[in-house]
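> Please find upload-v2.tsv (TSV, C-alpha atoms and all ligand atoms) on the next line:
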chain	number	residue	atom	x	y	z
Z	14	MET	CA	24.19	33.28	-129.36
Z	15	SER	CA	24.13	33.83	-125.61
Z	16	LYS	CA	20.87	33.12	-123.81
Z	17	GLN	CA	18.58	36.07	-123.48
Z	18	GLU	CA	17.09	36.94	-120.12
Z	19	VAL	CA	13.31	37.46	-120.44
Z	20	ILE	CA	11.52	38.81	-117.38
Z	21	LEU	CA	7.78	39.13	-116.89
Z	22	CYS	CA	7.80	42.18	-114.63
Z	23	THR	CA	5.83	42.61	-111.45
Z	24	GLU	CA	6.98	46.22	-111.37
Z	25	LEU	CA	8.86	47.62	-114.37
Z	26	GLY	CA	10.92	50.13	-112.38
Z	27	SER	CA	12.46	47.58	-110.05
Z	28	SER	CA	13.02	45.04	-112.85
Z	29	LEU	CA	14.82	47.73	-114.83
Z	30	GLN	CA	16.93	48.74	-111.84
Z	31	GLU	CA	17.99	45.12	-111.39
Z	32	ALA	CA	18.68	44.61	-115.10
Z	33	LEU	CA	20.80	47.79	-115.23
Z	34	ALA	CA	22.78	46.64	-112.21
Z	35	ARG	CA	23.52	43.34	-113.99
Z	36	CYS	CA	24.77	45.21	-117.03
Z	37	PRO	CA	27.57	47.61	-116.05
Z	38	HIS	CA	27.82	50.58	-118.44
Z	39	ASP	CA	29.45	53.98	-118.68
Z	40	ARG	CA	26.63	55.84	-120.47
Z	41	LEU	CA	22.95	55.05	-120.79
Z	42	PHE	CA	20.85	55.83	-123.89
Z	43	LEU	CA	17.09	55.49	-124.26
Z	44	LEU	CA	15.51	54.99	-127.69
Z	45	THR	CA	11.79	55.70	-128.14
Z	46	ASP	CA	9.58	56.66	-131.06
Z	47	VAL	CA	7.38	59.75	-130.95
Z	48	ASN	CA	4.44	57.69	-129.66
Z	49	THR	CA	6.20	55.67	-127.00
Z	50	HIS	CA	8.06	58.81	-125.92
Z	51	ARG	CA	4.71	60.44	-125.20
Z	52	LEU	CA	2.71	57.46	-123.94
Z	53	CYS	CA	5.16	55.02	-122.34
Z	54	ARG	CA	8.23	57.05	-121.33
Z	55	PRO	CA	6.36	58.65	-118.37
Z	56	ARG	CA	6.18	55.21	-116.72
Z	57	LEU	CA	9.97	55.37	-116.25
Z	58	GLU	CA	9.81	58.83	-114.66
Z	59	GLY	CA	11.50	59.18	-111.30
Z	60	LEU	CA	13.86	56.21	-111.65
Z	61	GLN	CA	17.15	57.30	-110.21
Z	62	GLU	CA	19.08	55.08	-112.63
Z	63	LEU	CA	17.61	57.05	-115.53
Z	64	ALA	CA	18.62	60.45	-114.21
Z	65	GLY	CA	20.74	61.97	-116.98
Z	66	VAL	CA	19.81	59.28	-119.52
Z	67	ASP	CA	20.53	60.39	-123.08
Z	68	GLU	CA	17.33	60.22	-125.11
Z	69	ILE	CA	16.96	59.47	-128.82
Z	70	VAL	CA	13.48	59.82	-130.33
Z	71	ILE	CA	12.68	58.51	-133.82
Z	72	GLY	CA	9.59	58.56	-136.05
Z	73	ALA	CA	6.93	55.95	-135.34
Z	74	GLU	CA	5.75	52.94	-137.37
Z	75	ASP	CA	7.20	50.73	-140.06
Z	76	VAL	CA	7.77	53.57	-142.56
Z	77	HIS	CA	10.58	54.75	-140.29
Z	78	LYS	CA	12.30	51.37	-140.04
Z	79	THR	CA	14.85	52.62	-142.55
Z	80	LEU	CA	18.54	53.12	-143.14
Z	81	ASP	CA	18.05	56.89	-142.62
Z	82	THR	CA	16.53	56.35	-139.18
Z	83	LEU	CA	19.22	53.82	-138.32
Z	84	ALA	CA	21.91	56.32	-139.39
Z	85	SER	CA	20.30	58.98	-137.19
Z	86	VAL	CA	20.56	56.63	-134.18
Z	87	TRP	CA	24.21	55.79	-134.97
Z	88	MET	CA	24.86	59.53	-135.36
Z	89	ALA	CA	23.25	60.37	-132.01
Z	90	LEU	CA	25.27	57.65	-130.27
Z	91	SER	CA	28.47	58.78	-131.94
Z	92	GLN	CA	28.02	62.54	-131.44
Z	93	ARG	CA	26.95	62.14	-127.84
Z	94	GLY	CA	29.99	60.08	-126.94
Z	95	ALA	CA	28.69	56.52	-126.64
Z	96	THR	CA	31.50	54.01	-126.12
Z	97	ARG	CA	31.75	50.24	-126.41
Z	98	HIS	CA	30.67	50.10	-122.78
Z	99	SER	CA	27.48	52.12	-123.26
Z	100	LEU	CA	24.02	50.60	-123.00
Z	101	LEU	CA	20.93	51.25	-125.10
Z	102	LEU	CA	17.37	50.81	-123.80
Z	103	ASN	CA	14.75	50.27	-126.50
Z	104	LEU	CA	11.27	51.32	-125.32
Z	105	GLY	CA	8.65	50.60	-127.95
Z	106	GLY	CA	7.00	48.17	-130.32
Z	107	GLY	CA	8.75	45.85	-132.75
Z	108	MET	CA	9.96	48.69	-134.97
Z	109	VAL	CA	11.90	50.27	-132.08
Z	110	THR	CA	13.22	46.98	-130.68
Z	111	ASP	CA	14.29	45.68	-134.14
Z	112	LEU	CA	15.93	48.94	-135.25
Z	113	GLY	CA	17.38	49.75	-131.82
Z	114	GLY	CA	18.73	46.20	-131.49
Z	115	PHE	CA	20.42	46.50	-134.88
Z	116	ALA	CA	21.82	49.96	-134.10
Z	117	ALA	CA	23.27	48.64	-130.83
Z	118	SER	CA	24.65	45.43	-132.28
Z	119	THR	CA	26.53	47.28	-135.04
Z	120	PHE	CA	27.69	50.44	-133.22
Z	121	LYS	CA	31.42	50.05	-132.45
Z	122	ARG	CA	30.96	46.36	-133.40
Z	123	GLY	CA	28.27	45.95	-130.80
Z	124	ILE	CA	27.12	47.48	-127.54
Z	125	ALA	CA	24.69	45.95	-125.06
Z	126	TYR	CA	20.99	46.66	-125.24
Z	127	ILE	CA	17.85	45.97	-123.22
Z	128	ASN	CA	14.36	45.71	-124.74
Z	129	LEU	CA	11.29	47.16	-123.04
Z	130	PRO	CA	8.50	46.09	-125.42
Z	131	THR	CA	5.27	48.11	-125.26
Z	132	THR	CA	3.00	46.26	-127.71
Z	133	LEU	CA	1.68	42.71	-127.54
Z	134	LEU	CA	3.44	41.82	-130.80
Z	135	ALA	CA	6.78	43.04	-129.47
Z	136	MET	CA	6.28	41.29	-126.11
Z	137	VAL	CA	5.51	37.84	-127.47
Z	138	ASP	CA	7.58	37.95	-130.65
Z	139	ALA	CA	9.71	40.83	-131.96
Z	140	SER	CA	11.65	41.75	-128.83
Z	141	VAL	CA	12.48	38.13	-127.93
Z	142	GLY	CA	14.90	35.89	-129.83
Z	143	GLY	CA	17.63	38.21	-131.03
Z	144	LYS	CA	16.45	39.05	-134.56
Z	145	THR	CA	17.25	42.69	-135.32
Z	146	GLY	CA	17.05	44.72	-138.50
Z	147	ILE	CA	15.54	47.30	-140.81
Z	148	ASN	CA	13.57	47.33	-144.05
Z	149	PHE	CA	15.59	47.99	-147.22
Z	150	ASN	CA	14.96	48.22	-150.96
Z	151	GLY	CA	11.22	47.77	-150.39
Z	152	LEU	CA	11.77	44.49	-148.51
Z	153	LYS	CA	10.90	43.92	-144.88
Z	154	ASN	CA	13.77	43.13	-142.50
Z	155	GLU	CA	16.12	42.83	-145.47
Z	156	ILE	CA	19.17	43.98	-143.49
Z	157	GLY	CA	19.83	42.79	-139.96
Z	158	CYS	CA	21.58	40.33	-137.73
Z	159	PHE	CA	21.04	37.96	-134.85
Z	160	ALA	CA	22.05	39.74	-131.64
Z	161	PRO	CA	20.22	39.02	-128.39
Z	162	ALA	CA	19.26	41.74	-125.96
Z	163	ARG	CA	20.89	41.45	-122.54
Z	164	SER	CA	17.40	41.48	-121.05
Z	165	VAL	CA	13.84	41.72	-122.27
Z	166	LEU	CA	11.59	43.25	-119.62
Z	167	ILE	CA	7.91	42.60	-120.27
Z	168	GLU	CA	5.51	44.97	-118.50
Z	169	THR	CA	2.00	43.88	-119.52
Z	170	GLU	CA	0.47	47.02	-117.99
Z	171	PHE	CA	1.35	48.76	-121.25
Z	172	LEU	CA	-1.31	46.57	-122.88
Z	173	SER	CA	-4.24	48.20	-121.11
Z	174	SER	CA	-3.82	51.26	-123.34
Z	175	LEU	CA	-3.09	49.34	-126.57
Z	176	ASP	CA	-5.66	49.86	-129.34
Z	177	SER	CA	-7.67	46.83	-130.36
Z	178	HIS	CA	-6.07	46.38	-133.80
Z	179	ASN	CA	-2.60	46.21	-132.31
Z	180	PHE	CA	-3.90	43.90	-129.60
Z	181	TYR	CA	-5.23	41.44	-132.19
Z	182	SER	CA	-2.07	41.81	-134.27
Z	183	GLY	CA	0.00	40.51	-131.35
Z	184	TYR	CA	-2.59	37.91	-130.43
Z	185	ALA	CA	-2.10	36.21	-133.81
Z	186	GLU	CA	1.50	35.39	-132.85
Z	187	MET	CA	0.20	34.00	-129.55
Z	188	LEU	CA	-2.21	31.75	-131.47
Z	189	LYS	CA	0.75	30.57	-133.53
Z	190	HIS	CA	2.62	29.72	-130.33
Z	191	GLY	CA	-0.46	27.81	-129.15
Z	192	LEU	CA	-0.59	25.83	-132.39
Z	193	ILE	CA	3.07	24.84	-132.25
Z	194	SER	CA	3.03	23.95	-128.53
Z	195	THR	CA	0.15	22.15	-126.79
Z	196	THR	CA	-3.59	21.64	-127.15
Z	197	GLU	CA	-4.06	23.04	-123.60
Z	198	HIS	CA	-2.32	26.30	-124.45
Z	199	LEU	CA	-4.18	26.61	-127.75
Z	200	GLN	CA	-7.53	25.99	-126.05
Z	201	GLU	CA	-6.94	28.64	-123.39
Z	202	LEU	CA	-6.05	31.14	-126.12
Z	203	LEU	CA	-9.17	30.31	-128.15
Z	204	ALA	CA	-11.32	30.58	-125.01
Z	205	PHE	CA	-9.82	33.89	-123.77
Z	206	ASP	CA	-12.24	36.81	-123.86
Z	207	THR	CA	-10.31	39.13	-126.16
Z	208	GLU	CA	-13.15	41.69	-126.22
Z	209	GLN	CA	-13.06	42.27	-122.44
Z	210	PRO	CA	-9.57	41.10	-121.51
Z	211	ASP	CA	-8.85	39.98	-117.98
Z	212	TYR	CA	-5.38	41.56	-117.78
Z	213	ALA	CA	-4.16	39.31	-114.98
Z	214	LEU	CA	-4.98	36.25	-117.09
Z	215	LEU	CA	-3.53	37.91	-120.18
Z	216	LYS	CA	-0.26	38.35	-118.32
Z	217	GLN	CA	-0.14	34.61	-117.62
Z	218	LEU	CA	-0.89	33.84	-121.27
Z	219	VAL	CA	1.85	36.23	-122.39
Z	220	GLY	CA	4.27	34.46	-120.04
Z	221	ARG	CA	3.37	31.05	-121.50
Z	222	SER	CA	3.55	32.39	-125.04
Z	223	VAL	CA	7.01	33.88	-124.55
Z	224	ALA	CA	8.16	30.61	-122.96
Z	225	VAL	CA	7.18	28.76	-126.17
Z	226	LYS	CA	9.30	31.12	-128.25
Z	227	GLU	CA	12.22	31.12	-125.81
Z	228	SER	CA	12.39	27.35	-125.76
Z	229	ILE	CA	12.50	27.16	-129.57
Z	230	VAL	CA	15.08	29.95	-129.92
Z	231	GLU	CA	17.27	28.31	-127.30
Z	232	GLN	CA	17.34	25.08	-129.31
Z	233	ASP	CA	18.02	26.80	-132.65
Z	234	PRO	CA	18.98	30.48	-132.34
Z	235	HIS	CA	19.97	30.95	-135.99
Z	236	GLU	CA	17.00	29.23	-137.62
Z	237	HIS	CA	18.64	26.20	-139.16
Z	238	GLY	CA	15.91	23.83	-137.99
Z	239	ILE	CA	13.22	23.97	-135.31
Z	240	ARG	CA	13.12	27.81	-135.21
Z	241	LYS	CA	11.38	27.54	-138.58
Z	242	ALA	CA	8.34	26.39	-136.55
Z	243	LEU	CA	7.91	30.09	-135.74
Z	244	ASN	CA	7.27	30.70	-139.45
Z	245	LEU	CA	3.91	28.90	-139.29
Z	246	GLY	CA	1.35	31.15	-141.01
Z	247	HIS	CA	4.05	33.50	-142.25
Z	248	THR	CA	4.73	32.19	-145.77
Z	249	ILE	CA	1.23	33.00	-146.99
Z	250	GLY	CA	0.83	35.74	-144.35
Z	251	HIS	CA	3.81	37.68	-145.74
Z	252	ALA	CA	2.36	37.38	-149.25
Z	253	PHE	CA	-0.95	38.85	-148.02
Z	254	GLU	CA	0.95	41.61	-146.23
Z	255	SER	CA	3.04	42.46	-149.30
Z	256	LEU	CA	0.04	42.34	-151.66
Z	257	ALA	CA	-1.91	44.66	-149.38
Z	258	LEU	CA	1.06	47.05	-149.22
Z	259	ALA	CA	1.52	47.00	-153.01
Z	260	GLN	CA	-2.18	47.83	-153.37
Z	261	GLU	CA	-1.85	50.71	-150.87
Z	262	ARG	CA	-4.20	49.11	-148.35
Z	263	PRO	CA	-1.64	48.03	-145.73
Z	264	VAL	CA	-2.64	45.57	-143.03
Z	265	LEU	CA	-1.03	44.99	-139.65
Z	266	HIS	CA	1.48	42.14	-139.60
Z	267	GLY	CA	-0.51	40.03	-137.14
Z	268	TYR	CA	-3.68	40.26	-139.24
Z	269	ALA	CA	-1.77	38.91	-142.23
Z	270	VAL	CA	-0.37	36.16	-139.97
Z	271	ALA	CA	-3.87	35.24	-138.73
Z	272	TRP	CA	-5.09	34.88	-142.33
Z	273	GLY	CA	-1.89	33.04	-143.22
Z	274	LEU	CA	-2.52	30.64	-140.34
Z	275	VAL	CA	-5.94	29.75	-141.74
Z	276	CYS	CA	-4.37	28.95	-145.13
Z	277	GLU	CA	-1.45	27.03	-143.70
Z	278	LEU	CA	-3.66	25.00	-141.34
Z	279	TYR	CA	-5.70	24.06	-144.40
Z	280	LEU	CA	-2.48	23.05	-146.18
Z	281	SER	CA	-1.59	21.06	-143.05
Z	282	TYR	CA	-4.98	19.34	-143.25
Z	283	LEU	CA	-4.37	18.49	-146.92
Z	284	LYS	CA	-0.76	17.43	-146.69
Z	285	THR	CA	0.20	16.43	-143.15
Z	286	GLY	CA	-3.01	15.16	-141.57
Z	287	PHE	CA	-3.92	18.16	-139.37
Z	288	PRO	CA	-7.31	17.46	-137.72
Z	289	LYS	CA	-10.35	19.02	-139.36
Z	290	GLU	CA	-12.03	20.05	-136.08
Z	291	THR	CA	-8.99	22.08	-134.96
Z	292	LEU	CA	-8.81	23.68	-138.41
Z	293	ARG	CA	-12.49	24.61	-138.03
Z	294	ALA	CA	-11.89	26.13	-134.54
Z	295	GLY	CA	-9.00	28.20	-135.92
Z	296	ILE	CA	-11.08	29.46	-138.85
Z	297	ASP	CA	-13.97	30.42	-136.57
Z	298	PHE	CA	-11.67	32.39	-134.26
Z	299	VAL	CA	-9.91	34.22	-137.08
Z	300	ARG	CA	-13.09	34.98	-139.02
Z	301	SER	CA	-14.84	36.44	-135.98
Z	302	HIS	CA	-11.92	38.50	-134.67
Z	303	TYR	CA	-9.93	39.45	-137.77
Z	304	GLY	CA	-12.52	39.45	-140.55
Z	305	ALA	CA	-11.36	38.34	-143.97
Z	306	PHE	CA	-8.60	39.48	-146.29
Z	307	ALA	CA	-10.31	40.45	-149.55
Z	308	PHE	CA	-8.77	39.30	-152.82
Z	309	THR	CA	-9.95	37.73	-156.06
Z	310	CYS	CA	-8.67	34.89	-158.24
Z	311	GLN	CA	-7.08	37.58	-160.45
Z	312	GLU	CA	-4.56	38.08	-157.65
Z	313	TYR	CA	-3.57	34.43	-157.13
Z	314	ASP	CA	-0.58	34.66	-159.47
Z	315	HIS	CA	0.68	37.81	-157.77
Z	316	LEU	CA	0.46	36.08	-154.36
Z	317	TYR	CA	2.26	33.04	-155.78
Z	318	GLU	CA	5.10	35.21	-157.13
Z	319	LEU	CA	5.41	37.01	-153.80
Z	320	MET	CA	5.72	33.65	-152.02
Z	321	LYS	CA	8.38	32.40	-154.44
Z	322	HIS	CA	10.52	35.45	-153.67
Z	323	ASP	CA	10.29	35.14	-149.89
Z	324	LYS	CA	13.79	35.16	-148.34
Z	325	LYS	CA	13.06	31.92	-146.46
Z	326	ASN	CA	13.10	29.92	-149.72
Z	327	THR	CA	15.99	28.30	-151.53
Z	328	ALA	CA	16.08	27.76	-155.32
Z	329	GLY	CA	12.60	29.24	-155.72
Z	330	ILE	CA	10.96	26.34	-153.82
Z	331	ILE	CA	8.37	27.70	-151.42
Z	332	ASN	CA	9.13	26.50	-147.91
Z	333	PHE	CA	6.32	25.97	-145.41
Z	334	THR	CA	6.19	24.97	-141.80
Z	335	LEU	CA	3.08	22.81	-141.43
Z	336	LEU	CA	1.59	20.73	-138.61
Z	337	HIS	CA	0.61	17.09	-138.30
Z	338	GLY	CA	-1.35	18.17	-135.23
Z	339	VAL	CA	-1.09	20.79	-132.48
Z	340	GLY	CA	2.55	20.82	-131.35
Z	341	ASP	CA	3.50	18.21	-133.95
Z	342	ILE	CA	5.60	20.20	-136.40
Z	343	ALA	CA	6.39	19.32	-140.01
Z	344	LEU	CA	9.32	21.46	-141.19
Z	345	ASN	CA	10.44	22.08	-144.77
Z	346	GLN	CA	7.18	21.24	-146.51
Z	347	THR	CA	6.28	22.55	-149.92
Z	348	ALA	CA	3.14	22.95	-152.02
Z	349	ASP	CA	2.70	23.31	-155.76
Z	350	ARG	CA	0.87	26.10	-157.56
Z	351	ASP	CA	-2.40	24.18	-157.94
Z	352	THR	CA	-2.53	23.27	-154.26
Z	353	LEU	CA	-1.88	26.88	-153.30
Z	354	PHE	CA	-4.62	28.12	-155.59
Z	355	GLU	CA	-7.00	25.57	-154.07
Z	356	THR	CA	-5.96	26.91	-150.64
Z	357	PHE	CA	-6.83	30.46	-151.72
Z	358	ASP	CA	-10.24	29.22	-152.92
Z	359	PHE	CA	-10.77	27.52	-149.57
Z	360	PHE	CA	-9.77	30.67	-147.67
Z	361	ARG	CA	-12.18	32.86	-149.61
Z	362	GLU	CA	-15.05	30.42	-149.23
Z	363	SER	CA	-14.54	29.67	-145.54
Z	364	MET	CA	-13.89	33.27	-144.54
Z	365	GLY	CA	-17.06	34.35	-146.28
Z	366	GLU	CA	-15.55	36.39	-149.10
G	401	LIG	N1	9.47	36.04	-135.61
G	401	LIG	C1	9.93	34.71	-135.76
G	401	LIG	C2	11.30	34.51	-135.17
G	401	LIG	O1	11.74	35.27	-134.34
G	401	LIG	O2	11.97	33.59	-135.54
Take the structure in the file and give it back as structure tokens.

Amino acid sequence: MSKQEVILCTELGSSLQEALARCPHDRLFLLTDVNTHRLCRPRLEGLQELAGVDEIVIGAEDVHKTLDTLASVWMALSQRGATRHSLLLNLGGGMVTDLGGFAASTFKRGIAYINLPTTLLAMVDASVGGKTGINFNGLKNEIGCFAPARSVLIETEFLSSLDSHNFYSGYAEMLKHGLISTTEHLQELLAFDTEQPDYALLKQLVGRSVAVKESIVEQDPHEHGIRKALNLGHTIGHAFESLALAQERPVLHGYAVAWGLVCELYLSYLKTGFPKETLRAGIDFVRSHYGAFAFTCQEYDHLYELMKHDKKNTAGIINFTLLHGVGDIALNQTADRDTLFETFDFFRESMGE
């Protein structure tokens, strides 16, 4: 996989002009969803390079991350004369960058694309690292491929209008990057005033967070080894997310990850020597900013089954990324049913359920 260029923009317009100049193309297409078309598209107004851009607008949110939506993007590209030398700009959150990236990487066996992420989650995670895809057969990101964007242009000004739930959803992935990198980075994330964000400082934190992900993806783009570090919090987090969806009380991905981090730090404490005081600091942060995920012991078996069927496992063995300490990663760990049930007990007690 070629290295992806990730730019923390000082001014989105000029960064985009430069990125377009580095990526020669015959036709330019812009993909947005109905929300980013209304709220974020105006920021690109007046750019000469976008005069005559062909626009494709899709439905917003995860329910539209489907084969039908993907087919509508392929159809628009095909009917409007896109060629192998055309370029697609994806302006939106993770749904738009994942689906747009997949549409681009499969259309005529692959055309170039540039991501312009507009949510915190997309900036620090989804738009970076070349994972693209759609949901299928009730499973998240079931179909997709690794295909890096030519450039990822991060304009943190979009964050000043992000709602608080989506802010915290993205912040959970930043916490994960803190946990897998250094104590200094983790401490600055725990100390950041998320209620009254200082946007200049947030921009620096986003830059450091993206650098953590970039460095891991560069070492292991296709997730054979160290990229699994990015799955910290996700094995149990995905089970929480799927349970909530099955019970028709969906939660944002990052909230499920935050709760999953609490559980997996506890597992790290039990199995790989993660320090108790850092576990405690993580729990305090998550409890005060994310609240608790409510479930009872009647649901433990359902959560366990969901974990066993996660696509990251082989032969039904549940695979975890755990930590010996901050930045000290223990890949390919596992935990038996009893230990997981004890972890759920711990979560419910320590989160005040
Ligand atoms: N979202 C985790 C990864 O990109 O590998």
> How would you write, as a list in words, the set of residues no farther than 6 Å from ligand LIG 401 (chain G) when counting only C-alpha atoms and all ligand atoms?
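Sorted by chain and then by number, the residues are Asp138, Gly142, Arg240 and Leu243 of chain Z.
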> Looking at only C-alpha atoms, which of Z:Gly59, Z:Gly304, Z:Gly183, Z:Gly267 is the one that sits closest to Z:Leu134?
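Checking each candidate against Z:Leu134, we get Z:Gly183 as the closest.
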> Using all atoms listed in the file, find the one residue out of Z:Ser118, Z:Thr207, Z:Thr131, Z:Thr79 that sits nearest to Z:Ile147.
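The shortest atom-to-atom distance to Z:Ile147 comes from Z:Thr79.
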> Can you tell me, as an MDAnalysis selection string, what residues are no more than 7 Å from Z:Thr145 when counting all atoms listed in the file, ignoring any on the same chain fewer than 3 positions away?
chainID Z and resid 111:112 114:115 157:160
> Stretch 145-238 of chain Z near stretch 52-57 of chain Z within 12 Å: what's each residue's closest atom pair and its distance in Å to one decimal, counting only C-alpha atoms, ordered by chain then ascending residue number, as JSON lines?

{"residue": "Z:Glu168", "atom": "CA", "partner": "Z:Arg56", "partner_atom": "CA", "distance": 10.4}
{"residue": "Z:Thr169", "atom": "CA", "partner": "Z:Cys53", "partner_atom": "CA", "distance": 11.9}
{"residue": "Z:Glu170", "atom": "CA", "partner": "Z:Arg56", "partner_atom": "CA", "distance": 10.1}
{"residue": "Z:Phe171", "atom": "CA", "partner": "Z:Cys53", "partner_atom": "CA", "distance": 7.4}
{"residue": "Z:Leu172", "atom": "CA", "partner": "Z:Cys53", "partner_atom": "CA", "distance": 10.7}
{"residue": "Z:Ser173", "atom": "CA", "partner": "Z:Cys53", "partner_atom": "CA", "distance": 11.7}
{"residue": "Z:Ser174", "atom": "CA", "partner": "Z:Leu52", "partner_atom": "CA", "distance": 9.0}
{"residue": "Z:Leu175", "atom": "CA", "partner": "Z:Leu52", "partner_atom": "CA", "distance": 10.3}
> Go ahead and write the selection's residues with C-alpha atoms as a compact mmCIF listing (two decimals), in the coordinates of the input.

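That gives us again-v3.txt:
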# COMPACT_ATOMS: atom_id res chain seq x y z
CA GLU Z 168 5.51 44.97 -118.50
CA THR Z 169 2.00 43.88 -119.52
CA GLU Z 170 0.47 47.02 -117.99
CA PHE Z 171 1.35 48.76 -121.25
CA LEU Z 172 -1.31 46.57 -122.88
CA SER Z 173 -4.24 48.20 -121.11
CA SER Z 174 -3.82 51.26 -123.34
CA LEU Z 175 -3.09 49.34 -126.57
> Have a look at Z:Thr356, Z:Thr291, Z:Gln209, Z:Ser222 and name the one nearest to Z:Gly273; count only C-alpha atoms.
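The answer is Z:Thr356, which sits nearest to Z:Gly273.
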> Rounded to one decimal place, report the atom CA of Z:Tyr212-atom CA of Z:Glu58 distance in Å.
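These two atoms are separated by 23.2 Å.
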> Please indicate the distance in Å from atom CA of Z:Lys78 to atom CA of Z:Arg93, rounded to one decimal place.
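Atom CA of Z:Arg93 lies 21.9 Å from atom CA of Z:Lys78.
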> To one decimal place in Å, what is the distance between atom CA of Z:Asn150 and atom CA of Z:Gly72?
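Going from atom CA of Z:Asn150 over to atom CA of Z:Gly72, I get 18.9 Å.
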> Write out as an MDAnalysis selection string which residues come within 10 Å of Z:Thr196 when counting all atoms listed in the file, dropping same-chain ones fewer than 6 positions away.
chainID Z and resid 202 291 338:340
> For Z:Gln311, which of Z:Phe357, Z:Phe120, Z:Glu236, Z:Glu74 is the closest residue, counting all atoms listed in the file?
Z:Phe357
> Using all atoms listed in the file, which residues sit within 10 Å of Z:Arg35 once same-chain residues fewer than 6 positions away are excluded, as a PyMOL selection string?
chain Z and resi 29+163-164
> Identify which of the residues Z:Ala213, Z:Val230, Z:Leu283, Z:Ala257 lies closest to Z:His315, counting all atoms listed in the file when measuring atom-to-atom distances.
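Using all atoms listed in the file, Z:His315 sits closest to Z:Ala257.
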> Using all atoms listed in the file, which protein or nucleic acid residues come within 9 Å of Z:Leu215? Drop anything in the same chain fewer than 5 positions from it, and give the result as a PDB file with C-alpha atoms, in the coordinates of the input.

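Contents of result.pdb, freshly written:
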ATOM      1  CA  THR Z 169       2.000  43.880-119.520  1.00  0.00           C
ATOM      2  CA  PHE Z 205      -9.820  33.890-123.770  1.00  0.00           C
ATOM      3  CA  PRO Z 210      -9.570  41.100-121.510  1.00  0.00           C
ATOM      4  CA  GLY Z 220       4.270  34.460-120.040  1.00  0.00           C
TER       5      GLY Z 220
END
> Between stretch 265-319 of chain Z and stretch 246-256 of chain Z, at 9 Å or less, what are the per-residue closest atom pairs and their distances in Å? Count all atoms listed in the file, order by chain and rising residue number, and return it as JSON lines.

{"residue": "Z:Leu265", "atom": "CA", "partner": "Z:Glu254", "partner_atom": "CA", "distance": 7.7}
{"residue": "Z:His266", "atom": "CA", "partner": "Z:Glu254", "partner_atom": "CA", "distance": 6.7}
{"residue": "Z:Gly267", "atom": "CA", "partner": "Z:Gly250", "partner_atom": "CA", "distance": 8.5}
{"residue": "Z:Tyr268", "atom": "CA", "partner": "Z:Gly250", "partner_atom": "CA", "distance": 8.2}
{"residue": "Z:Ala269", "atom": "CA", "partner": "Z:Gly250", "partner_atom": "CA", "distance": 4.6}
{"residue": "Z:Val270", "atom": "CA", "partner": "Z:Gly250", "partner_atom": "CA", "distance": 4.6}
{"residue": "Z:Ala271", "atom": "CA", "partner": "Z:Gly246", "partner_atom": "CA", "distance": 7.0}
{"residue": "Z:Trp272", "atom": "CA", "partner": "Z:Gly250", "partner_atom": "CA", "distance": 6.3}
{"residue": "Z:Gly273", "atom": "CA", "partner": "Z:Gly250", "partner_atom": "CA", "distance": 4.0}
{"residue": "Z:Leu274", "atom": "CA", "partner": "Z:Gly246", "partner_atom": "CA", "distance": 4.0}
{"residue": "Z:Val275", "atom": "CA", "partner": "Z:Gly246", "partner_atom": "CA", "distance": 7.5}
{"residue": "Z:Cys276", "atom": "CA", "partner": "Z:Ile249", "partner_atom": "CA", "distance": 7.2}
{"residue": "Z:Glu277", "atom": "CA", "partner": "Z:Gly246", "partner_atom": "CA", "distance": 5.7}
{"residue": "Z:Leu278", "atom": "CA", "partner": "Z:Gly246", "partner_atom": "CA", "distance": 7.9}
{"residue": "Z:Phe306", "atom": "CA", "partner": "Z:Phe253", "partner_atom": "CA", "distance": 7.9}
{"residue": "Z:Glu312", "atom": "CA", "partner": "Z:Leu256", "partner_atom": "CA", "distance": 8.7}
{"residue": "Z:His315", "atom": "CA", "partner": "Z:Leu256", "partner_atom": "CA", "distance": 7.6}
{"residue": "Z:Leu316", "atom": "CA", "partner": "Z:Ala252", "partner_atom": "CA", "distance": 5.6}
{"residue": "Z:Tyr317", "atom": "CA", "partner": "Z:Ala252", "partner_atom": "CA", "distance": 7.8}
{"residue": "Z:Glu318", "atom": "CA", "partner": "Z:Ala252", "partner_atom": "CA", "distance": 8.6}
{"residue": "Z:Leu319", "atom": "CA", "partner": "Z:Ala252", "partner_atom": "CA", "distance": 5.5}
> Taking (8.8, 31.1, -128.9) in the file's own coordinates, collect the residues within 10 Å, counting all atoms listed in the file, and hand them back as a ChimeraX atom specification.
/Z:137-138,141-142,186-187,189-191,193-194,221-231,240,242-243
> Counting only C-alpha atoms, which residues come within 12 Å of (12.6, 54.9, -143.9), with the point read in the file's coordinates, and could you list them as a compact mmCIF listing (two decimals) with C-alpha atoms, in the frame of the given file?

# COMPACT_ATOMS: atom_id res chain seq x y z
CA ILE Z 71 12.68 58.51 -133.82
CA GLY Z 72 9.59 58.56 -136.05
CA ALA Z 73 6.93 55.95 -135.34
CA GLU Z 74 5.75 52.94 -137.37
CA ASP Z 75 7.20 50.73 -140.06
CA VAL Z 76 7.77 53.57 -142.56
CA HIS Z 77 10.58 54.75 -140.29
CA LYS Z 78 12.30 51.37 -140.04
CA THR Z 79 14.85 52.62 -142.55
CA LEU Z 80 18.54 53.12 -143.14
CA ASP Z 81 18.05 56.89 -142.62
CA THR Z 82 16.53 56.35 -139.18
CA LEU Z 83 19.22 53.82 -138.32
CA ALA Z 84 21.91 56.32 -139.39
CA SER Z 85 20.30 58.98 -137.19
CA MET Z 108 9.96 48.69 -134.97
CA LEU Z 112 15.93 48.94 -135.25
CA ILE Z 147 15.54 47.30 -140.81
CA ASN Z 148 13.57 47.33 -144.05
CA PHE Z 149 15.59 47.99 -147.22
CA ASN Z 150 14.96 48.22 -150.96
CA GLY Z 151 11.22 47.77 -150.39
CA LEU Z 152 11.77 44.49 -148.51
CA LYS Z 153 10.90 43.92 -144.88
CA ASN Z 154 13.77 43.13 -142.50
